[in-house]
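Listing of model-v3.cif; format and content: mmCIF, C-alpha atoms and all ligand atoms.
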data_run
loop_
_atom_site.label_atom_id
_atom_site.label_comp_id
_atom_site.auth_asym_id
_atom_site.auth_seq_id
_atom_site.Cartn_x
_atom_site.Cartn_y
_atom_site.Cartn_z
CA MET A 1 -7.81 -53.60 36.89
CA THR A 2 -4.94 -53.80 39.36
CA ALA A 3 -4.86 -56.61 41.91
CA ALA A 4 -6.68 -55.89 45.17
CA PRO A 5 -4.21 -54.41 47.67
CA GLU A 6 -3.03 -56.56 50.58
CA PRO A 7 -5.45 -56.24 53.49
CA LEU A 8 -4.34 -53.87 56.23
CA LEU A 9 -6.42 -55.43 58.95
CA VAL A 10 -7.83 -58.92 59.09
CA ALA A 11 -9.97 -60.07 62.00
CA THR A 12 -11.10 -63.67 62.12
CA ASP A 13 -13.53 -65.48 64.39
CA LEU A 14 -13.48 -62.86 67.14
CA ARG A 15 -15.17 -63.81 70.39
CA LYS A 16 -15.57 -61.60 73.40
CA ALA A 17 -17.93 -61.95 76.35
CA TYR A 18 -18.65 -59.58 79.20
CA GLY A 19 -20.39 -61.98 81.57
CA PRO A 20 -22.74 -64.65 80.24
CA THR A 21 -23.84 -63.11 76.92
CA PRO A 22 -21.27 -62.76 74.16
CA ALA A 23 -20.62 -59.30 72.74
CA LEU A 24 -18.80 -60.87 69.79
CA ASP A 25 -19.59 -64.37 68.66
CA GLY A 26 -17.42 -65.20 65.69
CA ALA A 27 -17.19 -61.80 64.02
CA GLU A 28 -14.78 -61.18 61.17
CA LEU A 29 -13.75 -58.23 59.08
CA THR A 30 -11.12 -57.37 56.52
CA VAL A 31 -10.04 -53.80 55.85
CA ARG A 32 -7.97 -52.89 52.81
CA ALA A 33 -5.82 -49.82 52.41
CA GLY A 34 -7.78 -46.73 51.54
CA GLU A 35 -11.28 -48.17 51.72
CA VAL A 36 -14.19 -46.94 53.80
CA VAL A 37 -16.02 -49.81 55.50
CA ALA A 38 -19.35 -49.13 57.22
CA VAL A 39 -20.23 -51.29 60.22
CA MET A 40 -23.96 -51.27 60.89
CA GLY A 41 -26.34 -53.29 63.00
CA PRO A 42 -28.76 -53.00 65.94
CA SER A 43 -27.83 -51.40 69.23
CA GLY A 44 -25.91 -53.79 71.46
CA SER A 45 -25.02 -56.09 68.57
CA GLY A 46 -21.27 -55.69 69.13
CA LYS A 47 -20.21 -52.95 66.69
CA SER A 48 -18.17 -50.91 69.15
CA THR A 49 -16.66 -54.05 70.66
CA LEU A 50 -15.58 -55.11 67.17
CA LEU A 51 -14.05 -51.71 66.50
CA HIS A 52 -12.22 -51.77 69.84
CA CYS A 53 -10.82 -55.23 69.07
CA LEU A 54 -9.65 -54.08 65.64
CA ALA A 55 -7.92 -51.07 67.16
CA GLY A 56 -6.23 -53.12 69.87
CA ILE A 57 -8.12 -51.32 72.65
CA VAL A 58 -9.93 -54.49 73.72
CA THR A 59 -8.33 -57.94 73.59
CA PRO A 60 -10.73 -60.61 72.31
CA ASP A 61 -11.20 -63.81 74.33
CA SER A 62 -10.33 -65.74 71.19
CA GLY A 63 -9.81 -65.11 67.54
CA ASP A 64 -7.21 -63.18 65.73
CA VAL A 65 -6.59 -59.60 64.62
CA ARG A 66 -3.72 -59.08 62.22
CA TYR A 67 -2.50 -55.63 61.35
CA ARG A 68 -0.22 -55.66 58.29
CA GLY A 69 0.37 -59.34 58.88
CA GLN A 70 1.25 -58.93 62.55
CA GLN A 71 -0.86 -60.61 65.18
CA MET A 72 -1.96 -57.91 67.62
CA SER A 73 -2.46 -60.26 70.56
CA LEU A 74 1.24 -61.12 70.42
CA MET A 75 2.28 -57.49 70.79
CA SER A 76 3.05 -56.01 74.19
CA ASP A 77 0.75 -53.35 75.61
CA GLY A 78 3.43 -50.80 74.84
CA GLU A 79 3.66 -51.90 71.22
CA ARG A 80 -0.10 -51.78 70.85
CA SER A 81 -0.39 -48.30 72.24
CA ALA A 82 2.51 -47.13 70.08
CA LEU A 83 0.64 -48.54 67.09
CA ARG A 84 -2.50 -46.66 68.07
CA ARG A 85 -0.50 -43.45 68.20
CA THR A 86 1.40 -43.89 64.95
CA ASP A 87 -0.93 -45.82 62.65
CA PHE A 88 -4.47 -45.26 63.88
CA GLY A 89 -6.75 -42.25 64.23
CA PHE A 90 -9.96 -42.12 66.23
CA VAL A 91 -13.22 -40.19 66.01
CA PHE A 92 -15.98 -40.86 68.50
CA GLN A 93 -19.47 -39.52 68.98
CA PHE A 94 -18.33 -36.90 71.49
CA GLY A 95 -16.10 -36.16 74.45
CA GLN A 96 -12.83 -36.88 72.73
CA LEU A 97 -11.25 -33.44 72.79
CA VAL A 98 -9.29 -32.36 75.86
CA PRO A 99 -11.35 -29.54 77.37
CA GLU A 100 -8.38 -27.64 78.81
CA LEU A 101 -6.60 -27.35 75.46
CA THR A 102 -7.48 -25.10 72.55
CA CYS A 103 -8.75 -26.71 69.36
CA LEU A 104 -5.36 -26.12 67.73
CA GLU A 105 -3.56 -27.75 70.66
CA ASN A 106 -6.01 -30.67 70.52
CA VAL A 107 -5.27 -31.27 66.86
CA ALA A 108 -1.53 -30.92 67.46
CA MET A 109 -1.60 -33.38 70.34
CA PRO A 110 -1.07 -36.64 68.41
CA LEU A 111 2.01 -35.08 66.81
CA ARG A 112 3.29 -33.82 70.17
CA LEU A 113 2.85 -37.31 71.63
CA ALA A 114 4.85 -38.65 68.72
CA GLY A 115 7.65 -36.29 69.70
CA ARG A 116 7.22 -33.44 67.19
CA ARG A 117 8.26 -29.95 68.26
CA ARG A 118 5.42 -27.69 69.27
CA LYS A 119 5.96 -25.21 66.47
CA ASP A 120 5.96 -27.88 63.74
CA ALA A 121 3.05 -29.74 65.27
CA GLU A 122 0.92 -26.61 65.52
CA ALA A 123 1.78 -25.49 62.01
CA LEU A 124 0.63 -28.83 60.62
CA ALA A 125 -2.42 -28.83 62.89
CA ALA A 126 -3.35 -25.42 61.51
CA THR A 127 -3.36 -26.78 57.96
CA TRP A 128 -5.76 -29.51 59.06
CA LEU A 129 -8.07 -27.03 60.74
CA GLU A 130 -8.07 -25.10 57.50
CA ARG A 131 -8.81 -28.19 55.51
CA LEU A 132 -11.80 -28.96 57.71
CA GLU A 133 -12.92 -25.35 57.39
CA VAL A 134 -12.61 -24.50 61.08
CA THR A 135 -9.54 -22.26 61.07
CA ASP A 136 -11.32 -19.65 63.16
CA LEU A 137 -11.71 -22.12 66.03
CA ALA A 138 -7.96 -22.52 66.55
CA GLY A 139 -7.83 -20.51 69.77
CA LYS A 140 -11.14 -21.70 71.22
CA ARG A 141 -11.60 -24.47 73.73
CA PRO A 142 -13.87 -27.44 72.91
CA GLY A 143 -16.49 -26.15 75.36
CA GLU A 144 -16.86 -23.01 73.29
CA VAL A 145 -17.66 -24.64 69.93
CA SER A 146 -20.76 -26.36 68.56
CA GLY A 147 -21.11 -30.12 68.22
CA GLY A 148 -20.57 -30.05 64.47
CA GLN A 149 -17.52 -27.80 64.80
CA GLY A 150 -16.12 -30.04 67.53
CA GLN A 151 -16.49 -33.09 65.29
CA ARG A 152 -14.58 -31.38 62.52
CA VAL A 153 -11.80 -30.60 64.98
CA ALA A 154 -11.90 -34.26 66.04
CA VAL A 155 -11.60 -35.38 62.41
CA ALA A 156 -8.61 -33.06 61.98
CA ARG A 157 -7.05 -34.59 65.06
CA ALA A 158 -7.69 -38.12 63.82
CA LEU A 159 -6.01 -37.42 60.48
CA VAL A 160 -3.16 -35.09 61.43
CA GLY A 161 -0.73 -37.94 62.12
CA ALA A 162 -1.30 -39.50 58.66
CA PRO A 163 -2.79 -42.73 60.06
CA ARG A 164 -3.32 -45.79 57.91
CA VAL A 165 -6.66 -46.51 59.57
CA VAL A 166 -9.23 -44.14 61.05
CA PHE A 167 -11.70 -45.73 63.46
CA ALA A 168 -14.89 -43.72 63.66
CA ASP A 169 -17.63 -44.80 66.07
CA GLU A 170 -20.85 -42.88 65.39
CA PRO A 171 -18.91 -39.76 64.37
CA THR A 172 -22.12 -38.00 63.34
CA GLY A 173 -24.32 -39.45 66.08
CA ALA A 174 -24.81 -36.12 67.85
CA LEU A 175 -25.19 -33.98 64.71
CA ASP A 176 -28.16 -32.92 62.59
CA SER A 177 -28.24 -34.32 59.07
CA LEU A 178 -26.66 -31.35 57.32
CA ASN A 179 -23.72 -31.16 59.73
CA GLY A 180 -23.43 -34.92 59.85
CA GLU A 181 -23.06 -35.04 56.10
CA ARG A 182 -20.50 -32.26 56.06
CA VAL A 183 -18.41 -34.14 58.59
CA MET A 184 -18.73 -37.35 56.56
CA ARG A 185 -17.77 -35.64 53.37
CA LEU A 186 -14.74 -33.96 54.93
CA LEU A 187 -13.72 -37.20 56.63
CA THR A 188 -14.03 -39.40 53.55
CA ASP A 189 -12.45 -36.83 51.21
CA ALA A 190 -9.50 -36.38 53.55
CA ALA A 191 -9.15 -40.13 53.99
CA HIS A 192 -9.21 -40.69 50.24
CA ASP A 193 -6.61 -37.97 49.70
CA THR A 194 -4.25 -39.38 52.32
CA GLY A 195 -4.95 -43.04 51.49
CA ALA A 196 -6.24 -43.83 54.98
CA ALA A 197 -8.79 -46.59 55.44
CA VAL A 198 -11.85 -45.79 57.54
CA VAL A 199 -13.83 -48.18 59.73
CA LEU A 200 -17.09 -46.36 60.24
CA VAL A 201 -19.62 -47.53 62.82
CA THR A 202 -22.99 -45.92 62.23
CA HIS A 203 -26.68 -46.65 62.41
CA GLU A 204 -27.58 -43.98 59.88
CA PRO A 205 -27.98 -45.31 56.34
CA ARG A 206 -27.24 -41.92 54.80
CA VAL A 207 -23.94 -41.87 56.66
CA ALA A 208 -23.18 -45.45 55.62
CA ALA A 209 -23.74 -44.33 52.02
CA TYR A 210 -20.34 -42.62 52.21
CA SER A 211 -18.72 -46.05 52.53
CA ASP A 212 -17.34 -48.31 49.83
CA ARG A 213 -18.85 -51.40 51.42
CA GLU A 214 -20.88 -52.51 54.40
CA ILE A 215 -20.70 -55.08 57.19
CA VAL A 216 -23.73 -55.77 59.36
CA VAL A 217 -23.23 -57.04 62.91
CA ARG A 218 -26.10 -58.96 64.49
CA ASP A 219 -25.81 -60.76 67.83
CA GLY A 220 -22.04 -60.56 67.73
CA LYS A 221 -21.78 -62.08 64.25
CA SER A 222 -20.79 -60.12 61.19
CA ARG A 223 -22.19 -60.36 57.72
CA ASP A 224 -20.45 -58.96 54.67
CA MET A 225 -23.28 -57.36 52.72
CA GLU A 226 -21.46 -57.53 49.39
CA ARG A 227 -21.98 -61.26 49.60
CA ALA A 228 -25.68 -60.80 50.38
CA ALA A 229 -26.27 -59.03 47.10
CA MET B 1 -45.56 -34.91 38.50
CA SER B 2 -48.01 -32.79 36.56
CA ILE B 3 -46.16 -31.96 33.37
CA GLY B 4 -48.91 -29.58 32.24
CA HIS B 5 -48.59 -27.43 35.34
CA THR B 6 -44.82 -27.52 35.20
CA LEU B 7 -44.71 -26.37 31.57
CA LEU B 8 -47.25 -23.68 32.35
CA GLY B 9 -45.14 -22.50 35.27
CA LEU B 10 -42.08 -22.31 33.01
CA LEU B 11 -44.06 -20.19 30.56
CA GLU B 12 -44.83 -17.60 33.21
CA SER B 13 -41.46 -15.93 32.78
CA GLY B 14 -42.17 -15.32 29.07
CA PRO B 15 -43.31 -16.94 25.82
CA ARG B 16 -41.26 -19.87 24.50
CA HIS B 17 -41.14 -22.31 21.63
CA GLY B 18 -41.92 -25.96 22.27
CA TYR B 19 -38.30 -27.09 21.95
CA ASP B 20 -37.18 -24.31 24.26
CA LEU B 21 -39.76 -25.41 26.85
CA LYS B 22 -38.54 -28.98 26.65
CA ARG B 23 -34.98 -27.86 27.19
CA ALA B 24 -35.93 -25.72 30.19
CA PHE B 25 -37.88 -28.63 31.67
CA ASP B 26 -35.07 -31.15 31.17
CA GLU B 27 -32.51 -28.81 32.65
CA ARG B 28 -34.42 -28.24 35.84
CA PHE B 29 -36.59 -31.28 36.36
CA GLY B 30 -35.71 -33.88 33.75
CA HIS B 31 -32.60 -35.27 35.46
CA ASP B 32 -32.92 -38.96 34.74
CA ARG B 33 -35.99 -38.67 32.57
CA PRO B 34 -36.00 -36.05 29.83
CA LEU B 35 -39.35 -35.19 28.27
CA ALA B 36 -40.20 -36.65 24.87
CA TYR B 37 -40.98 -34.03 22.21
CA GLY B 38 -44.29 -35.76 21.53
CA GLN B 39 -45.25 -35.30 25.14
CA VAL B 40 -44.48 -31.58 25.01
CA TYR B 41 -46.61 -31.03 21.94
CA SER B 42 -49.54 -33.12 23.10
CA THR B 43 -49.48 -31.31 26.44
CA MET B 44 -49.33 -27.91 24.73
CA ALA B 45 -52.25 -28.90 22.49
CA ARG B 46 -54.31 -29.73 25.57
CA LEU B 47 -53.36 -26.48 27.35
CA LEU B 48 -54.24 -24.58 24.19
CA LYS B 49 -57.63 -26.24 23.97
CA ASN B 50 -58.33 -25.39 27.63
CA GLY B 51 -57.36 -21.76 27.10
CA LEU B 52 -54.41 -21.87 29.50
CA VAL B 53 -51.93 -20.92 26.76
CA GLU B 54 -52.20 -19.15 23.44
CA VAL B 55 -50.10 -19.15 20.33
CA ASP B 56 -47.91 -16.07 20.44
CA GLY B 57 -46.39 -16.42 17.02
CA ILE B 58 -45.60 -18.92 14.32
CA GLU B 59 -42.38 -18.97 12.35
CA PRO B 60 -42.80 -19.68 8.67
CA GLY B 61 -42.55 -23.32 7.66
CA GLY B 62 -45.31 -24.91 9.68
CA GLY B 63 -45.04 -27.86 12.06
CA PRO B 64 -45.59 -27.83 15.83
CA GLU B 65 -41.99 -26.84 16.69
CA ARG B 66 -42.50 -23.48 14.97
CA LYS B 67 -45.16 -22.35 17.43
CA ARG B 68 -44.36 -19.96 20.20
CA TYR B 69 -46.61 -20.27 23.27
CA ALA B 70 -47.62 -17.69 25.87
CA ILE B 71 -49.44 -18.27 29.13
CA THR B 72 -52.94 -16.72 29.50
CA ASP B 73 -54.46 -15.18 32.64
CA ALA B 74 -56.41 -18.40 33.14
CA GLY B 75 -53.11 -20.25 32.89
CA VAL B 76 -51.51 -18.10 35.59
CA THR B 77 -54.48 -18.73 37.88
CA ASP B 78 -54.16 -22.44 37.19
CA VAL B 79 -50.46 -22.51 38.15
CA GLU B 80 -51.22 -20.50 41.26
CA SER B 81 -53.91 -22.85 42.50
CA TRP B 82 -51.74 -25.89 41.73
CA LEU B 83 -48.89 -24.48 43.83
CA ALA B 84 -51.27 -23.60 46.67
CA GLN B 85 -52.76 -27.09 46.78
CA PRO B 86 -50.75 -29.42 49.05
CA GLU B 87 -49.75 -32.73 47.48
CA LYS B 88 -51.47 -35.76 48.91
CA PRO B 89 -48.90 -37.63 50.98
CA GLU B 90 -48.04 -41.04 49.58
CA PRO B 91 -49.66 -43.59 51.94
CA TYR B 92 -47.04 -46.32 51.33
CA LEU B 93 -49.47 -48.99 52.47
CA GLN B 94 -49.10 -51.35 49.56
CA THR B 95 -45.52 -52.34 49.34
CA THR B 96 -43.89 -55.00 47.23
CA LEU B 97 -41.21 -55.43 49.87
CA TYR B 98 -43.70 -56.37 52.56
CA THR B 99 -45.54 -58.68 50.20
CA LYS B 100 -42.32 -60.47 49.27
CA VAL B 101 -41.32 -60.94 52.91
CA VAL B 102 -44.69 -62.43 53.83
CA LEU B 103 -44.73 -64.70 50.79
CA ALA B 104 -41.22 -65.91 51.56
CA LEU B 105 -42.30 -66.74 55.11
CA LEU B 106 -45.48 -68.46 53.93
CA THR B 107 -43.59 -70.61 51.46
CA GLY B 108 -40.70 -71.43 53.75
CA ARG B 109 -38.09 -69.48 51.78
CA PRO B 110 -35.25 -67.55 53.43
CA ALA B 111 -36.85 -64.19 54.17
CA ALA B 112 -33.77 -62.91 55.99
CA ASP B 113 -31.68 -63.30 52.83
CA LEU B 114 -34.29 -61.48 50.83
CA LEU B 115 -34.13 -58.57 53.30
CA ASP B 116 -30.35 -58.56 53.21
CA SER B 117 -30.04 -58.54 49.45
CA GLN B 118 -32.63 -55.77 49.25
CA ARG B 119 -30.67 -53.84 51.84
CA ALA B 120 -27.47 -54.18 49.80
CA GLU B 121 -29.31 -53.03 46.69
CA HIS B 122 -30.70 -49.98 48.48
CA LEU B 123 -27.33 -49.03 49.91
CA ARG B 124 -25.75 -49.36 46.48
CA LEU B 125 -28.13 -46.80 45.04
CA MET B 126 -27.64 -44.58 48.09
CA ARG B 127 -23.88 -44.63 47.50
CA GLU B 128 -24.36 -43.69 43.88
CA LEU B 129 -26.63 -40.78 44.78
CA THR B 130 -24.22 -39.67 47.52
CA ARG B 131 -21.38 -39.57 44.98
CA ARG B 132 -23.52 -37.65 42.54
CA LYS B 133 -24.51 -35.24 45.27
CA SER B 134 -20.87 -34.57 46.13
CA GLY B 135 -20.12 -33.51 42.59
CA GLY B 136 -23.34 -31.60 42.03
CA ASP B 137 -24.75 -28.12 42.56
CA LEU B 138 -27.41 -27.28 45.13
CA ALA B 139 -30.25 -28.37 42.83
CA ASP B 140 -28.56 -31.75 42.38
CA GLN B 141 -27.99 -32.06 46.10
CA LEU B 142 -31.62 -31.36 46.95
CA ILE B 143 -33.00 -33.77 44.41
CA CYS B 144 -30.58 -36.51 45.49
CA ASP B 145 -31.35 -35.82 49.15
CA HIS B 146 -35.04 -36.31 48.49
CA ALA B 147 -34.30 -39.74 47.05
CA LEU B 148 -31.78 -40.52 49.80
CA PHE B 149 -34.21 -39.78 52.61
CA HIS B 150 -36.80 -42.05 51.03
CA LEU B 151 -34.29 -44.84 50.49
CA GLU B 152 -33.14 -44.41 54.06
CA ALA B 153 -36.71 -44.87 55.25
CA ASP B 154 -36.94 -48.11 53.27
CA LEU B 155 -33.65 -49.29 54.67
CA ARG B 156 -34.73 -48.60 58.23
CA TRP B 157 -37.88 -50.56 57.56
CA LEU B 158 -35.81 -53.46 56.21
CA GLU B 159 -33.73 -53.34 59.38
CA LEU B 160 -36.75 -53.28 61.66
CA THR B 161 -38.40 -56.11 59.78
CA ALA B 162 -35.22 -58.20 59.93
CA ALA B 163 -35.18 -57.71 63.69
CA ARG B 164 -38.80 -58.86 63.96
CA LEU B 165 -38.70 -61.64 61.42
CA ASP B 166 -39.16 -64.51 63.89
CA GLN B 167 -42.19 -62.81 65.37
CA LEU B 168 -43.66 -62.12 61.94
CA ALA B 169 -43.02 -65.70 60.84
CA ALA B 170 -44.93 -66.99 63.87
CA GLU B 171 -47.85 -64.70 63.07
CA VAL B 172 -48.19 -65.30 59.35
CA THR B 173 -47.82 -69.06 59.56
CA ARG B 174 -50.16 -69.45 62.54
N1 LIG C 301 -17.23 -52.79 78.93
C1 LIG C 301 -18.32 -53.58 78.91
N2 LIG C 301 -18.74 -54.23 80.01
C2 LIG C 301 -19.80 -55.03 79.99
N3 LIG C 301 -20.55 -55.25 78.91
C3 LIG C 301 -20.21 -54.63 77.77
C4 LIG C 301 -19.07 -53.77 77.71
N4 LIG C 301 -18.98 -53.30 76.44
C5 LIG C 301 -20.00 -53.85 75.75
N5 LIG C 301 -20.74 -54.65 76.54
C6 LIG C 301 -21.90 -55.44 76.11
O1 LIG C 301 -21.58 -56.09 74.90
C7 LIG C 301 -22.64 -56.03 73.97
C8 LIG C 301 -22.18 -55.32 72.71
O2 LIG C 301 -21.91 -53.97 73.02
P1 LIG C 301 -21.39 -52.92 71.97
O3 LIG C 301 -21.08 -51.67 72.72
O4 LIG C 301 -20.30 -53.51 71.17
O5 LIG C 301 -22.67 -52.73 71.06
P2 LIG C 301 -22.95 -51.70 69.87
O6 LIG C 301 -23.33 -52.50 68.69
O7 LIG C 301 -21.80 -50.77 69.73
O8 LIG C 301 -24.23 -50.92 70.39
P3 LIG C 301 -24.68 -49.37 70.17
O9 LIG C 301 -25.22 -49.29 68.79
O10 LIG C 301 -25.76 -49.20 71.18
O11 LIG C 301 -23.48 -48.52 70.41
C9 LIG C 301 -23.77 -55.32 74.68
O12 LIG C 301 -24.65 -56.30 75.20
C10 LIG C 301 -23.09 -54.56 75.79
O13 LIG C 301 -23.94 -54.42 76.89
MG MG C 302 -21.53 -48.68 70.03
#
Please go through the file and, once you have read it, give me the structure as structure tokens.
Amino acid sequence: MTAAPEPLLVATDLRKAYGPTPALDGAELTVRAGEVVAVMGPSGSGKSTLLHCLAGIVTPDSGDVRYRGQQMSLMSDGERSALRRTDFGFVFQFGQLVPELTCLENVAMPLRLAGRRRKDAEALAATWLERLEVTDLAGKRPGEVSGGQGQRVAVARALVGAPRVVFADEPTGALDSLNGERVMRLLTDAAHDTGAAVVLVTHEPRVAAYSDREIVVRDGKSRDMERAA
Amino acid sequence: MSIGHTLLGLLESGPRHGYDLKRAFDERFGHDRPLAYGQVYSTMARLLKNGLVEVDGIEPGGGPERKRYAITDAGVTDVESWLAQPEKPEPYLQTTLYTKVVLALLTGRPAADLLDSQRAEHLRLMRELTRRKSGGDLADQLICDHALFHLEADLRWLELTAARLDQLAAEVTR
């Protein structure tokens, strides 16, 4: 056995309220390099808020998120958004692809934003479309593909920039079980191959079964289920 | 599962020896639980007595493993009516999980922890089956999916019960 790798992301005692009721009430979570962590829990329990805090999209009222030892709340907005571009990938339930761009251009976009030349970016994007078995969608726009196909394009886009962490919030929420599982398998295989960690919010147990471990969020508090066992 | 019907069904494609039947069964349906030889021979003896199979040949030497069995017309009819008869759905009305939750509440033990550790146990098996499914052929996938959907149903029930635990506690201890 090798020693457990240093955690990539450590969130401690996160609190966040929108109005009187807290969305997060002392949640915590540790993500290590390369692992897939499922975040489950009832609707409204704070899963998405937790994910947004981890990704530096939402700033918690109190508590601490450290990414590779660096406290995110001490970074400037510019530093945080640079981090999101370079180190993080995102997959949501739907509506994440730019409708005016082709699928290939969508996948190439993170690379273009990072300053890569169009030709290089699109060549790499094409390899990711191939990997997710949607090469034939390259020239289509998101409005012209099915939900399952769109999610595979979204997974390609999330992984194309070689992120260290992929945040996925209900990535299979709009898919039937067969397509949902294909997306999960492609996502987790690709993440394992590239060494990316995945934070996976889902309410489907069969989707959570693709994780290495599970956190349950209830009323804004998290519970590490490995400790429950 | 009705082993008699399954062995009969496997015989429909042609006569087989007992050991050959066992192998065919294990390959397709045995997965985690291969058939014992004794079970094959006692089942074949019963099918023979009921006229659903006949002995098609015996190799010299004696002993049950030397017999070759063939399905009879009555056997074919029997397989056909078994396949046509829908299985009775499992009613799931007597569950150990529910009983444990209620007993925990009645005796003032932490029912929420019980639900959580059960949940972790379920998810652990679901992960294992998911991994096995990823490496398997279509037959493996379908058999694992059957288990996964059932485990998922249990897990959803655990979730729902956890969310209603206070209400249940009030009712059972009233
Ligand atoms: N931008 C916001 N403004 C106001 N309230 C919010 C906002 N975002 C979340 N909330 C509230 O915070 C709580 C937690 O919401 P969150 O979206 O994190 O839940 P969730 O676990 O992701 O739920 P679901 O499973 O339905 O997606 C909810 O009560 C929600 O109404
Ligand atoms: Mg949500």
Checklist line | Contacts of ligand MG 302 (chain C), 7 Å or closer, all atoms listed in the file, given as a list in words | finding: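 Listed by chain and ascending number, the contacts are Ser43, Gly44, Lys47, Ser48 and Asp169 of chain A.
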Got time to write the residues from that selection, C-alpha atoms, as a tab-separated table (two decimals), keeping the file's coordinate frame?
chain	number	residue	atom	x	y	z
A	43	SER	CA	-27.83	-51.40	69.23
A	44	GLY	CA	-25.91	-53.79	71.46
A	47	LYS	CA	-20.21	-52.95	66.69
A	48	SER	CA	-18.17	-50.91	69.15
A	169	ASP	CA	-17.63	-44.80	66.07
Note to self: Around ligand LIG 301 (chain C), which protein and nucleic acid residues have at least one atom no more than 10 Å from it, if we count all atoms listed in the file? List them as a PyMOL selection string.
What the structure shows: chain A and resi 16-24+39-53+58+93+169-170+201-203+216-220
Check: With all atoms listed in the file as the atoms that count, which of A:Leu54, A:Ala38, A:Ala11, A:Ala33 lies nearest to chain B?
Finding: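 Among the listed residues, the smallest separation from chain B belongs to A:Ala38.
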Next item on the list: Define the interface residues of chain B facing chain A as those within 6 Å, counting only C-alpha atoms, and report them as a list in words.
Entry: Asp116, Ser117, Ala120, Met126, Arg127 and Glu152 of chain B
Would you mind exporting C-alpha atoms of the selected residues as a PDB file, in the coordinates of the input?
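The file below, again-v3.pdb, is the result:
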ATOM      1  CA  ASP B 116     -30.350 -58.560  53.210  1.00  0.00           C
ATOM      2  CA  SER B 117     -30.040 -58.540  49.450  1.00  0.00           C
ATOM      3  CA  ALA B 120     -27.470 -54.180  49.800  1.00  0.00           C
ATOM      4  CA  MET B 126     -27.640 -44.580  48.090  1.00  0.00           C
ATOM      5  CA  ARG B 127     -23.880 -44.630  47.500  1.00  0.00           C
ATOM      6  CA  GLU B 152     -33.140 -44.410  54.060  1.00  0.00           C
TER       7      GLU B 152
END
Notebook entry, point to check: Skipping near chain neighbours, those fewer than 2 positions away, what residues fall within 7 Å of Leu14 of chain A using all atoms listed in the file, listed as a PyMOL selection string?
Noted result: chain A and resi 11-12+16+24-28+60+62-64
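Between atom CA of Asp77 of chain A and atom CA of Ile57 of chain A lies a distance of 9.6 Å.
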Margin query: One number please: atom CA of Phe29 of chain B to atom CA of Gln118 of chain B, in Å, one decimal.
Written below: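 Answer for the atom CA of Phe29 of chain B to atom CA of Gln118 of chain B separation: 28.0 Å.
Between atom CA of Gly150 of chain A and atom CA of Leu175 of chain A lies a distance of 10.3 Å.
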If I wrap all listed atoms of segment 121-140 of chain A in a box with edges along x, y and z and add 4 Å on each side, what are its centre and edge lengths in Å to one decimal, as lines of an AutoDock Vina configuration file?
center_x = -4.9
center_y = -24.7
center_z = 63.4
size_x = 24.0
size_y = 18.1
size_z = 23.7
Check: Which one is closest to Leu155 of chain B: B:Arg119, B:Val55, B:Lys133, B:Pro34? Count all atoms listed in the file.
Finding: B:Arg119
Next item on the list: Name the closest residue to Val53 of chain B among the candidates B:Arg156, B:His5, B:Gln94, B:Lys100; distances are taken between atoms, counting all atoms listed in the file.
Entry: B:His5
Item checked: Expected residue set, 10 Å radius at (-48.9, -16.6, 24.0), only C-alpha atoms, as JSON, numbers by chain -> {"B": [11, 14, 15, 16, 17, 48, 52, 53, 54, 55, 56, 57, 67, 68, 69, 70, 71, 72]}
Note to self: Can you tell me which residues surround Val10 of chain A at a distance of at most 7 Å, considering all atoms listed in the file, apart from same-chain residues fewer than 6 positions away, and format the answer as number ranges by chain?
What the structure shows: A: 29-31, 65-67
Given the selection you just returned, output its residues as a file containing C-alpha atoms, formatted as a compact mmCIF listing (two decimals), keeping the file's coordinate frame.
# COMPACT_ATOMS: atom_id res chain seq x y z
CA LEU A 29 -13.75 -58.23 59.08
CA THR A 30 -11.12 -57.37 56.52
CA VAL A 31 -10.04 -53.80 55.85
CA VAL A 65 -6.59 -59.60 64.62
CA ARG A 66 -3.72 -59.08 62.22
CA TYR A 67 -2.50 -55.63 61.35
Margin query: Quick one: residues within 8 Å of Tyr19 of chain B, all atoms listed in the file, excluding same-chain residues fewer than 2 positions away - as a list in words?
Written below: His17, Leu21, Lys22, Arg23, Tyr37 and Glu65 of chain B
